[in-house]
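Q: This is entry_9.txt (compact mmCIF, C-alpha atoms and all ligand atoms).
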```
# COMPACT_ATOMS: atom_id res chain seq x y z
CA MET A 1 -25.67 -0.51 -6.44
CA THR A 2 -24.48 -3.37 -4.28
CA TYR A 3 -27.26 -5.66 -5.50
CA VAL A 4 -26.21 -5.35 -9.15
CA ALA A 5 -23.94 -8.31 -9.85
CA LYS A 6 -21.22 -8.06 -12.46
CA PRO A 7 -21.91 -10.17 -15.57
CA LYS A 8 -19.86 -13.38 -15.47
CA LEU A 9 -19.46 -13.46 -19.25
CA HIS A 10 -16.37 -11.90 -20.75
CA HIS A 11 -14.69 -11.75 -24.12
CA PRO A 12 -13.13 -15.17 -24.88
CA LYS A 13 -9.94 -13.52 -26.09
CA LEU A 14 -9.21 -11.56 -22.90
CA PRO A 15 -5.48 -11.93 -22.13
CA ARG A 16 -4.64 -14.63 -19.56
CA ASN A 17 -1.72 -14.73 -17.16
CA GLU A 18 0.47 -17.74 -16.29
CA LEU A 19 -2.25 -19.15 -14.03
CA GLY A 20 -4.79 -18.96 -16.85
CA TYR A 21 -6.70 -16.14 -15.14
CA THR A 22 -8.00 -13.04 -16.89
CA ARG A 23 -8.01 -9.61 -15.31
CA ARG A 24 -11.71 -10.20 -14.56
CA ASP A 25 -10.73 -12.99 -12.14
CA TYR A 26 -9.06 -10.35 -9.95
CA GLU A 27 -12.09 -8.06 -9.78
CA GLY A 28 -14.63 -7.83 -6.97
CA ALA A 29 -18.16 -6.45 -6.61
CA VAL A 30 -19.40 -3.36 -8.45
CA SER A 31 -18.10 -0.23 -6.70
CA THR A 32 -20.58 1.92 -4.78
CA LEU A 33 -18.17 4.89 -4.52
CA CYS A 34 -18.87 8.24 -6.22
CA ALA A 35 -18.15 8.21 -9.95
CA GLY A 36 -14.63 9.59 -10.46
CA CYS A 37 -13.41 8.81 -6.89
CA GLY A 38 -9.64 8.30 -6.90
CA HIS A 39 -10.07 5.19 -4.72
CA ASP A 40 -11.62 3.27 -7.66
CA SER A 41 -8.49 3.91 -9.75
CA ILE A 42 -6.35 2.48 -6.94
CA SER A 43 -8.55 -0.66 -6.88
CA GLY A 44 -7.95 -0.90 -10.65
CA ALA A 45 -4.19 -0.61 -10.10
CA ILE A 46 -4.26 -3.36 -7.42
CA ILE A 47 -6.18 -5.64 -9.81
CA GLN A 48 -3.68 -4.96 -12.59
CA ALA A 49 -0.66 -5.54 -10.31
CA CYS A 50 -1.98 -8.88 -8.97
CA PHE A 51 -2.89 -10.02 -12.50
CA GLU A 52 0.56 -9.15 -13.84
CA LEU A 53 2.29 -10.88 -10.90
CA ASP A 54 0.26 -14.08 -11.55
CA LEU A 55 -0.88 -14.13 -7.91
CA PRO A 56 -3.45 -16.76 -6.96
CA PRO A 57 -6.24 -14.43 -5.74
CA HIS A 58 -7.08 -16.74 -2.82
CA ARG A 59 -3.57 -16.30 -1.42
CA VAL A 60 -4.19 -12.61 -0.74
CA ALA A 61 -5.65 -11.33 2.55
CA LYS A 62 -7.22 -7.86 2.26
CA LEU A 63 -7.69 -5.97 5.52
CA SER A 64 -9.14 -2.52 6.06
CA GLY A 65 -10.62 -0.15 8.63
CA ILE A 66 -13.61 2.16 8.09
CA GLY A 67 -14.07 4.80 5.40
CA CYS A 68 -14.73 4.98 1.65
CA SER A 69 -11.13 3.80 1.15
CA SER A 70 -11.65 0.93 3.59
CA LYS A 71 -14.72 -0.20 1.61
CA THR A 72 -12.63 -0.78 -1.51
CA PRO A 73 -11.37 -4.34 -0.78
CA THR A 74 -14.92 -5.42 -1.68
CA TYR A 75 -14.26 -4.12 -5.20
CA PHE A 76 -11.13 -6.15 -5.99
CA LEU A 77 -9.90 -9.72 -5.53
CA GLY A 78 -13.33 -11.18 -4.84
CA ALA A 79 -11.69 -14.59 -4.34
CA GLY A 80 -9.29 -13.27 -1.69
CA HIS A 81 -9.75 -13.27 2.08
CA GLY A 82 -11.28 -10.04 3.36
CA PHE A 83 -11.65 -8.50 6.80
CA ASN A 84 -13.22 -5.08 7.29
CA SER A 85 -12.18 -4.15 10.84
CA VAL A 86 -12.94 -1.20 13.14
CA HIS A 87 -11.97 2.43 12.32
CA GLY A 88 -8.18 2.78 12.67
CA ARG A 89 -7.67 -0.82 13.86
CA MET A 90 -6.69 -2.54 10.61
CA PRO A 91 -2.95 -2.66 11.51
CA SER A 92 -3.36 -4.77 14.66
CA VAL A 93 -5.79 -7.17 12.96
CA LEU A 94 -3.37 -7.52 10.05
CA THR A 95 -0.44 -8.11 12.44
CA GLY A 96 -2.34 -10.89 14.21
CA ALA A 97 -3.38 -12.54 10.95
CA ASN A 98 0.17 -12.37 9.62
CA LEU A 99 1.55 -13.96 12.80
CA ALA A 100 -0.95 -16.81 12.58
CA ASN A 101 -0.42 -17.48 8.87
CA ARG A 102 2.77 -16.13 7.32
CA ASP A 103 2.00 -17.79 3.98
CA LEU A 104 -0.57 -15.26 2.74
CA ILE A 105 0.13 -11.95 1.02
CA TYR A 106 -1.14 -9.17 3.27
CA LEU A 107 -2.70 -6.08 1.78
CA GLY A 108 -3.79 -3.39 4.25
CA VAL A 109 -6.03 -0.72 2.72
CA SER A 110 -6.73 2.39 4.73
CA GLY A 111 -7.61 6.08 4.52
CA ASP A 112 -5.88 9.20 5.79
CA GLY A 113 -8.50 9.51 8.52
CA ASP A 114 -8.22 5.80 9.32
CA SER A 115 -4.40 5.86 9.53
CA ALA A 116 -3.34 9.45 10.34
CA SER A 117 -6.16 10.42 12.71
CA ILE A 118 -7.80 7.71 14.86
CA GLY A 119 -5.38 4.96 13.79
CA LEU A 120 -2.08 6.84 14.01
CA GLY A 121 -0.77 4.75 16.91
CA GLN A 122 -1.75 1.52 15.18
CA PHE A 123 -0.08 2.66 11.95
CA ALA A 124 3.13 3.53 13.80
CA HIS A 125 3.49 0.23 15.65
CA CYS A 126 2.62 -1.95 12.67
CA ILE A 127 5.30 -0.19 10.59
CA ARG A 128 7.99 -0.26 13.30
CA ARG A 129 7.42 -3.95 13.88
CA GLY A 130 8.24 -4.67 10.23
CA VAL A 131 5.08 -6.65 9.52
CA ASP A 132 5.41 -8.21 6.04
CA MET A 133 2.63 -6.40 4.21
CA VAL A 134 1.67 -3.81 1.63
CA TYR A 135 0.04 -0.94 3.50
CA ILE A 136 -1.78 1.48 1.18
CA VAL A 137 -3.26 4.75 2.41
CA GLU A 138 -5.76 6.21 -0.07
CA ASN A 139 -5.05 9.81 0.88
CA ASN A 140 -7.65 12.48 0.02
CA GLY A 141 -7.08 14.84 2.96
CA VAL A 142 -10.66 14.45 4.21
CA TYR A 143 -13.01 12.05 5.92
CA GLY A 144 -14.90 11.23 2.72
CA LEU A 145 -17.38 8.80 4.23
CA THR A 146 -18.53 11.24 6.93
CA LYS A 147 -18.91 14.10 4.45
CA GLY A 148 -15.65 15.98 4.11
CA GLN A 149 -14.17 17.02 7.49
CA PHE A 150 -10.41 17.77 7.31
CA SER A 151 -8.21 14.82 8.12
CA ALA A 152 -4.76 15.01 9.71
CA THR A 153 -3.06 14.95 6.29
CA ALA A 154 -4.84 18.10 5.01
CA ASP A 155 -2.27 20.80 4.27
CA LYS A 156 -2.18 23.92 6.46
CA GLY A 157 -4.10 26.64 4.65
CA SER A 158 -5.91 24.15 2.43
CA LYS A 159 -9.58 25.17 2.13
CA SER A 160 -12.61 22.95 2.51
CA LYS A 161 -15.40 22.89 -0.08
CA ARG A 162 -17.28 25.41 2.07
CA GLY A 163 -14.27 27.76 2.13
CA VAL A 164 -13.04 27.06 5.68
CA GLY A 165 -9.21 27.07 6.00
CA ASN A 166 -7.32 24.27 7.77
CA GLN A 167 -5.17 25.74 10.59
CA ASP A 168 -3.39 22.58 11.69
CA SER A 169 -0.05 21.25 10.48
CA PRO A 170 -0.32 18.19 8.25
CA ILE A 171 1.05 14.76 9.05
CA ASP A 172 3.29 13.54 6.25
CA LEU A 173 2.82 9.79 6.28
CA VAL A 174 5.76 8.94 4.02
CA SER A 175 8.29 10.84 6.17
CA MET A 176 6.76 9.20 9.20
CA ALA A 177 6.95 5.74 7.67
CA ILE A 178 10.65 6.22 6.84
CA LEU A 179 11.37 7.44 10.39
CA LEU A 180 9.46 4.52 11.88
CA GLY A 181 11.56 1.97 10.02
CA ALA A 182 9.44 0.97 7.00
CA THR A 183 11.75 -0.75 4.53
CA PHE A 184 9.82 0.21 1.37
CA VAL A 185 8.21 3.64 1.16
CA ALA A 186 6.55 5.17 -1.90
CA ARG A 187 4.11 7.87 -2.83
CA SER A 188 1.96 7.92 -5.91
CA PHE A 189 -1.19 9.41 -7.38
CA SER A 190 -4.41 7.57 -8.24
CA GLY A 191 -4.39 9.32 -11.61
CA ASP A 192 -0.98 7.89 -12.57
CA LYS A 193 -1.45 4.17 -13.15
CA ALA A 194 1.83 3.91 -15.06
CA GLN A 195 3.64 4.79 -11.85
CA LEU A 196 1.28 3.14 -9.35
CA VAL A 197 0.97 -0.40 -10.79
CA PRO A 198 4.73 -1.17 -10.74
CA LEU A 199 5.00 0.38 -7.26
CA ILE A 200 2.31 -2.00 -5.96
CA LYS A 201 4.03 -4.94 -7.67
CA ALA A 202 7.40 -4.03 -6.12
CA ALA A 203 5.76 -3.55 -2.71
CA ILE A 204 4.15 -7.01 -2.92
CA LYS A 205 7.54 -8.51 -3.75
CA HIS A 206 9.17 -6.65 -0.86
CA HIS A 207 9.96 -8.60 2.32
CA GLY A 208 8.94 -6.46 5.29
CA ALA A 209 6.80 -3.39 5.89
CA ALA A 210 6.01 -1.73 2.55
CA PHE A 211 4.07 1.51 2.69
CA ILE A 212 2.43 3.39 -0.21
CA ASP A 213 0.82 6.79 0.32
CA CYS A 214 -1.45 7.25 -2.67
CA ILE A 215 -2.96 10.70 -3.23
CA SER A 216 -6.54 9.94 -4.20
CA PRO A 217 -8.82 12.96 -4.73
CA CYS A 218 -12.30 12.93 -3.20
CA VAL A 219 -14.49 14.30 -5.99
CA ALA A 220 -17.42 14.90 -3.66
CA PHE A 221 -15.71 16.99 -0.94
CA ASN A 222 -12.11 17.89 -1.78
CA ASN A 223 -11.55 18.34 -5.51
CA HIS A 224 -11.97 22.11 -5.76
CA PRO A 225 -9.31 24.70 -6.73
CA ASP A 226 -8.35 25.51 -3.09
CA SER A 227 -7.59 21.90 -2.19
CA THR A 228 -4.01 20.61 -2.30
CA LYS A 229 -5.40 17.07 -2.72
CA SER A 230 -7.35 17.88 -5.90
CA PHE A 231 -6.65 16.31 -9.29
CA ASP A 232 -5.49 19.65 -10.73
CA TYR A 233 -3.16 20.51 -7.82
CA VAL A 234 -1.47 17.13 -7.79
CA ARG A 235 -1.07 17.09 -11.59
CA GLU A 236 0.52 20.54 -11.52
CA HIS A 237 2.81 19.93 -8.51
CA ASN A 238 3.72 16.27 -9.02
CA GLU A 239 7.49 15.89 -8.74
CA ALA A 240 8.22 12.28 -9.72
CA VAL A 241 11.72 11.25 -8.61
CA ASN A 242 11.56 7.98 -10.54
CA TYR A 243 9.39 5.57 -12.50
CA LEU A 244 9.97 1.87 -12.13
CA ASP A 245 9.45 -1.55 -13.65
CA VAL A 246 9.50 -4.80 -11.72
CA ILE A 247 11.38 -7.71 -13.23
CA GLU A 248 10.73 -11.06 -11.61
CA GLY A 249 13.73 -13.29 -10.94
CA ARG A 250 12.74 -15.85 -13.54
CA ASP A 251 12.65 -13.38 -16.44
CA GLU A 252 15.58 -12.62 -18.67
CA ILE A 253 16.78 -9.09 -18.05
CA THR A 254 16.76 -7.07 -21.24
CA ALA A 255 17.11 -3.54 -19.98
CA ASP A 256 17.01 -0.90 -22.68
CA TYR A 257 18.00 2.30 -20.99
CA ALA A 258 20.37 5.16 -21.31
CA PRO A 259 23.36 4.77 -18.94
CA GLY A 260 23.20 6.94 -15.86
CA THR A 261 19.41 7.24 -15.83
CA VAL A 262 18.50 3.77 -14.59
CA GLU A 263 19.27 1.95 -11.37
CA LEU A 264 18.61 -1.75 -10.68
CA VAL A 265 17.63 -2.64 -7.12
CA THR A 266 17.56 -6.33 -6.17
CA GLN A 267 14.90 -7.31 -3.66
CA HIS A 268 14.99 -10.08 -1.05
CA ASP A 269 13.29 -12.65 -3.34
CA GLY A 270 15.58 -11.92 -6.29
CA SER A 271 13.11 -9.73 -8.15
CA LEU A 272 14.61 -6.57 -9.62
CA ILE A 273 13.30 -3.05 -9.50
CA LYS A 274 14.39 -1.14 -12.58
CA LEU A 275 14.30 2.53 -11.64
CA ARG A 276 14.11 5.11 -14.39
CA LYS A 277 15.38 8.10 -12.48
CA LEU A 278 13.86 11.45 -13.23
CA ALA A 279 15.79 13.26 -10.51
CA PRO A 280 19.32 12.00 -11.35
CA ASP A 281 20.72 12.68 -7.86
CA TYR A 282 17.93 10.85 -6.02
CA ASP A 283 19.12 7.71 -4.23
CA PRO A 284 16.18 5.69 -2.81
CA THR A 285 18.51 3.59 -0.66
CA ASP A 286 19.73 6.62 1.30
CA ARG A 287 17.32 7.12 4.18
CA LEU A 288 18.64 10.48 5.38
CA SER A 289 18.72 12.16 1.99
CA ALA A 290 15.24 10.80 1.22
CA LEU A 291 13.95 12.54 4.35
CA SER A 292 15.64 15.86 3.64
CA TYR A 293 14.59 15.79 -0.03
CA LEU A 294 10.98 15.25 1.01
CA GLN A 295 11.09 18.18 3.45
CA GLU A 296 12.75 20.45 0.92
CA ARG A 297 10.27 19.76 -1.90
CA GLN A 298 7.31 19.86 0.46
CA ALA A 299 8.33 23.38 1.54
CA ALA A 300 8.25 24.31 -2.16
CA GLY A 301 4.66 23.04 -2.39
CA GLU A 302 5.54 19.96 -4.45
CA VAL A 303 4.16 16.46 -4.06
CA VAL A 304 7.12 14.10 -4.42
CA THR A 305 6.13 10.75 -5.92
CA GLY A 306 7.90 7.50 -6.82
CA LEU A 307 9.90 4.95 -4.83
CA LEU A 308 11.21 7.16 -2.04
CA TYR A 309 13.07 4.66 0.12
CA VAL A 310 13.94 0.98 -0.03
CA ASP A 311 16.12 -1.17 2.22
CA THR A 312 17.26 -4.20 0.26
CA ASP A 313 18.43 -6.00 3.45
CA SER A 314 14.99 -5.83 4.98
CA GLU A 315 13.68 -8.22 7.59
CA ASP A 316 10.16 -8.80 8.88
CA LEU A 317 8.46 -9.50 12.19
CA HIS A 318 8.84 -13.27 11.78
CA ASP A 319 12.61 -12.92 11.27
CA ARG A 320 12.82 -10.80 14.42
CA LEU A 321 10.73 -13.21 16.51
CA ASN A 322 12.49 -16.22 15.00
CA THR A 323 9.20 -18.02 14.42
CA VAL A 324 8.98 -21.37 12.65
CA GLY A 325 8.65 -21.45 8.87
CA THR A 326 5.35 -23.34 9.00
CA PRO A 327 2.34 -21.07 9.50
CA LEU A 328 1.27 -21.32 13.14
CA ASN A 329 -2.29 -22.19 12.11
CA GLN A 330 -0.96 -25.34 10.42
CA LEU A 331 0.96 -26.71 13.41
CA GLY A 332 -0.50 -29.69 15.26
CA LYS A 333 -0.81 -30.37 18.99
CA ASP A 334 2.55 -32.12 19.18
CA GLU A 335 4.42 -29.11 17.77
CA LEU A 336 2.45 -26.56 19.75
CA CYS A 337 2.57 -28.31 23.13
CA PRO A 338 6.12 -28.70 24.51
CA GLY A 339 5.06 -31.50 26.90
CA ALA A 340 4.99 -31.86 30.68
CA ALA A 341 8.78 -32.16 31.11
CA ALA A 342 9.49 -28.91 29.24
CA LEU A 343 6.74 -27.14 31.19
CA ALA A 344 8.14 -28.40 34.50
CA LYS A 345 11.56 -27.05 33.51
CA VAL A 346 10.13 -23.60 32.67
CA ASN A 347 8.21 -23.54 35.96
CA ALA A 348 11.31 -24.57 37.91
CA SER A 349 13.33 -21.75 36.29
CA LEU A 350 10.78 -19.25 37.55
CA ARG A 351 10.76 -20.40 41.16
C1 LIG A 401 -14.59 4.70 16.32
C2 LIG A 401 -15.19 5.48 15.18
N1 LIG A 401 -15.09 6.82 15.16
C3 LIG A 401 -15.59 7.52 14.14
C4 LIG A 401 -16.22 6.88 13.10
C5 LIG A 401 -16.83 7.69 11.97
N2 LIG A 401 -16.04 7.61 10.77
C6 LIG A 401 -16.31 6.68 9.83
S1 LIG A 401 -15.28 6.77 8.50
C7 LIG A 401 -14.49 8.09 9.19
C8 LIG A 401 -13.35 8.78 8.50
C9 LIG A 401 -12.92 8.15 7.23
O1 LIG A 401 -11.91 8.91 6.64
P1 LIG A 401 -10.77 8.22 5.80
O2 LIG A 401 -10.12 7.14 6.56
O3 LIG A 401 -9.87 9.31 5.33
O4 LIG A 401 -11.53 7.52 4.60
P2 LIG A 401 -12.20 8.15 3.29
O5 LIG A 401 -13.66 8.03 3.52
O6 LIG A 401 -11.75 9.56 3.14
O7 LIG A 401 -11.69 7.27 2.19
C10 LIG A 401 -15.02 8.44 10.44
C11 LIG A 401 -14.52 9.56 11.27
C12 LIG A 401 -16.31 5.46 13.15
N3 LIG A 401 -16.86 4.75 12.16
N4 LIG A 401 -15.78 4.79 14.18
S1 LIG A 402 -17.22 10.73 -0.70
FE1 LIG A 402 -15.20 11.15 -1.61
S2 LIG A 402 -13.90 9.44 -0.90
FE2 LIG A 402 -16.06 8.82 -0.63
S3 LIG A 402 -16.61 7.71 -2.50
FE3 LIG A 402 -17.22 9.87 -2.77
S4 LIG A 402 -15.45 10.78 -3.81
FE4 LIG A 402 -14.72 8.88 -2.92
MG MG A 403 -9.80 10.27 3.52
```
Rewrite the structure from the file as structure tokens, please.
A:
Amino acid sequence: MTYVAKPKLHHPKLPRNELGYTRRDYEGAVSTLCAGCGHDSISGAIIQACFELDLPPHRVAKLSGIGCSSKTPTYFLGAGHGFNSVHGRMPSVLTGANLANRDLIYLGVSGDGDSASIGLGQFAHCIRRGVDMVYIVENNGVYGLTKGQFSATADKGSKSKRGVGNQDSPIDLVSMAILLGATFVARSFSGDKAQLVPLIKAAIKHHGAAFIDCISPCVAFNNHPDSTKSFDYVREHNEAVNYLDVIEGRDEITADYAPGTVELVTQHDGSLIKLRKLAPDYDPTDRLSALSYLQERQAAGEVVTGLLYVDTDSEDLHDRLNTVGTPLNQLGKDELCPGAAALAKVNASLR
């Protein structure tokens, strides 16, 4: 119930991070989603990731569209900035906010209907522009909020709760994100926090467009035996290519791993991704093999999860536009207005 406030009291011995915050300081309002909805587990993973990264909650901007998934920013980071936009329009609002203030951490939360159906064009352009953000799709294969219609990510042949088969081909958002130029692409499962939390942390540390497709079963409309987005199906067909840890630049690196099974990937800000490879031949820095591996395993009915692709030389929209380092919303009149002489020169060049 939205009117039930969470109790402010908490155990005095709750662990605190470097900022002195407990995990409770990263929570939001009480969730109104169905009990057992995968989306709530993703909110829990976001809370855990931000707590572990010692992020000041007020430095995070949470943007979403419309849907059960898009409601979730209310349930985490209550002290962050939030903007619940129009269905499928989160990417352009996020792009504008990022251009105006590059200093915040941008978290776009969307659904498969929000991003693969009505918002597909917005998704594509936001990714190809390299907006510095973490874009999470909470993917359940249905429009949960409007009572379970198939979305564009529902697998062909997948059956609805009422037994109707989906005849259309699915859109695979991770393959699409790689093709569109995302520089960090991952897939995970709401029921696998051990994999999801480090992926979110690495995505936050990434400089550029980071995309996470998170399979998140809808217990009300799409968690039955004929659904390929059900808890049971994903557990049985989950093919994890790797598990990772994120090591921040300031920490001493004490890796305890068997040679040949771990790969260290250095990100733009010096943080390290320690990849425990489960598929020994999988190279997440090789874009072409990532795409063909995804197609191959998908044809075998498997759901490939883990860090699928990362470009360690990534750039973002601000790099491409060569904008100033100071957030535009902090510039004064003198910096923003070039003056009459400069304007006259521009006008003269156009005559
Ligand atoms: C312009 C517009 N068209 C349609 C709708 C109705 N609508 C609301 S949410 C939704 C789909 C949500 O599906 P998804 O993004 O997958 O989120 P979920 O509820 O499954 O988490 C639709 C079609 C709307 N709100 N606005
Ligand atoms: S309808 Fe589905 S997606 Fe929406 S809250 Fe319920 S379980 Fe979650
Ligand atoms: Mg959905």
Q: For segment 220-222 of chain A, please output as a VMD selection string all residues within 7 Å (counting all atoms listed in the file; exclusion window: fewer than 4 positions along the same chain).
A: chain A and resid 144 147 to 148 160 to 161 227 229 to 230
Q: Neighbours of ligand LIG 401 (chain A) at 9 Å or closer, counting all atoms listed in the file: which residues, as a PyMOL selection string?
A: chain A and resi 39+65-72+86-88+110-119+137-153+216+218
Q: Hey, which of A:Gly38, A:Gly332, A:Gly82, A:Gly163 ends up closest to ligand LIG 402 (chain A)? Count all atoms listed in the file.
A: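 Once distances to ligand LIG 402 (chain A) are computed over all atoms listed in the file, the minimum belongs to A:Gly38.
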Q: For Arg276 of chain A, which residue among A:Val241, A:Val262, A:Leu288, A:Ile247 is the nearest when counting all atoms listed in the file?
A: A:Val262
Q: Point out the residue among A:Glu239, A:Val185, A:Ser85, A:Gly28 with the least atom-to-atom distance to Val303 of chain A, counting all atoms listed in the file.
A: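 Ranked by minimum distance to Val303 of chain A, first place goes to A:Glu239.
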Q: Take segment 98-114 of chain A, bring it up to N, CA and C atoms, and give me the output as a short mmCIF file (atom, residue, chain, number, x, y, z; two decimals), keeping the file's coordinate frame.
A:
```cif
data_model
loop_
_atom_site.label_atom_id
_atom_site.label_comp_id
_atom_site.auth_asym_id
_atom_site.auth_seq_id
_atom_site.Cartn_x
_atom_site.Cartn_y
_atom_site.Cartn_z
N ASN A 98 -1.14 -12.05 10.18
CA ASN A 98 0.17 -12.37 9.62
C ASN A 98 0.95 -13.30 10.54
N LEU A 99 0.83 -13.08 11.87
CA LEU A 99 1.55 -13.96 12.80
C LEU A 99 0.99 -15.38 12.75
N ALA A 100 -0.33 -15.48 12.59
CA ALA A 100 -0.95 -16.81 12.58
C ALA A 100 -0.70 -17.55 11.27
N ASN A 101 -0.64 -16.82 10.16
CA ASN A 101 -0.42 -17.48 8.87
C ASN A 101 0.50 -16.63 8.00
N ARG A 102 1.79 -16.94 8.03
CA ARG A 102 2.77 -16.13 7.32
C ARG A 102 2.76 -16.40 5.82
N ASP A 103 1.98 -17.39 5.38
CA ASP A 103 2.00 -17.79 3.98
C ASP A 103 1.16 -16.92 3.05
N LEU A 104 0.28 -16.09 3.61
CA LEU A 104 -0.57 -15.26 2.74
C LEU A 104 0.13 -13.94 2.41
N ILE A 105 -0.36 -13.29 1.37
CA ILE A 105 0.13 -11.95 1.02
C ILE A 105 -0.82 -10.96 1.68
N TYR A 106 -0.28 -10.07 2.51
CA TYR A 106 -1.14 -9.17 3.27
C TYR A 106 -1.21 -7.79 2.64
N LEU A 107 -2.45 -7.37 2.40
CA LEU A 107 -2.70 -6.08 1.78
C LEU A 107 -3.59 -5.29 2.74
N GLY A 108 -3.01 -4.24 3.35
CA GLY A 108 -3.79 -3.39 4.25
C GLY A 108 -4.22 -2.15 3.49
N VAL A 109 -5.53 -1.89 3.45
CA VAL A 109 -6.03 -0.72 2.72
C VAL A 109 -6.70 0.21 3.73
N SER A 110 -6.26 1.47 3.71
CA SER A 110 -6.73 2.39 4.73
C SER A 110 -6.91 3.79 4.14
N GLY A 111 -7.45 4.69 4.95
CA GLY A 111 -7.61 6.08 4.52
C GLY A 111 -6.75 6.98 5.38
N ASP A 112 -6.68 8.25 5.01
CA ASP A 112 -5.88 9.20 5.79
C ASP A 112 -6.52 9.45 7.15
N GLY A 113 -7.85 9.40 7.22
CA GLY A 113 -8.50 9.51 8.52
C GLY A 113 -8.24 8.24 9.32
N ASP A 114 -8.39 7.11 8.68
CA ASP A 114 -8.22 5.80 9.32
C ASP A 114 -6.79 5.62 9.88
#
```
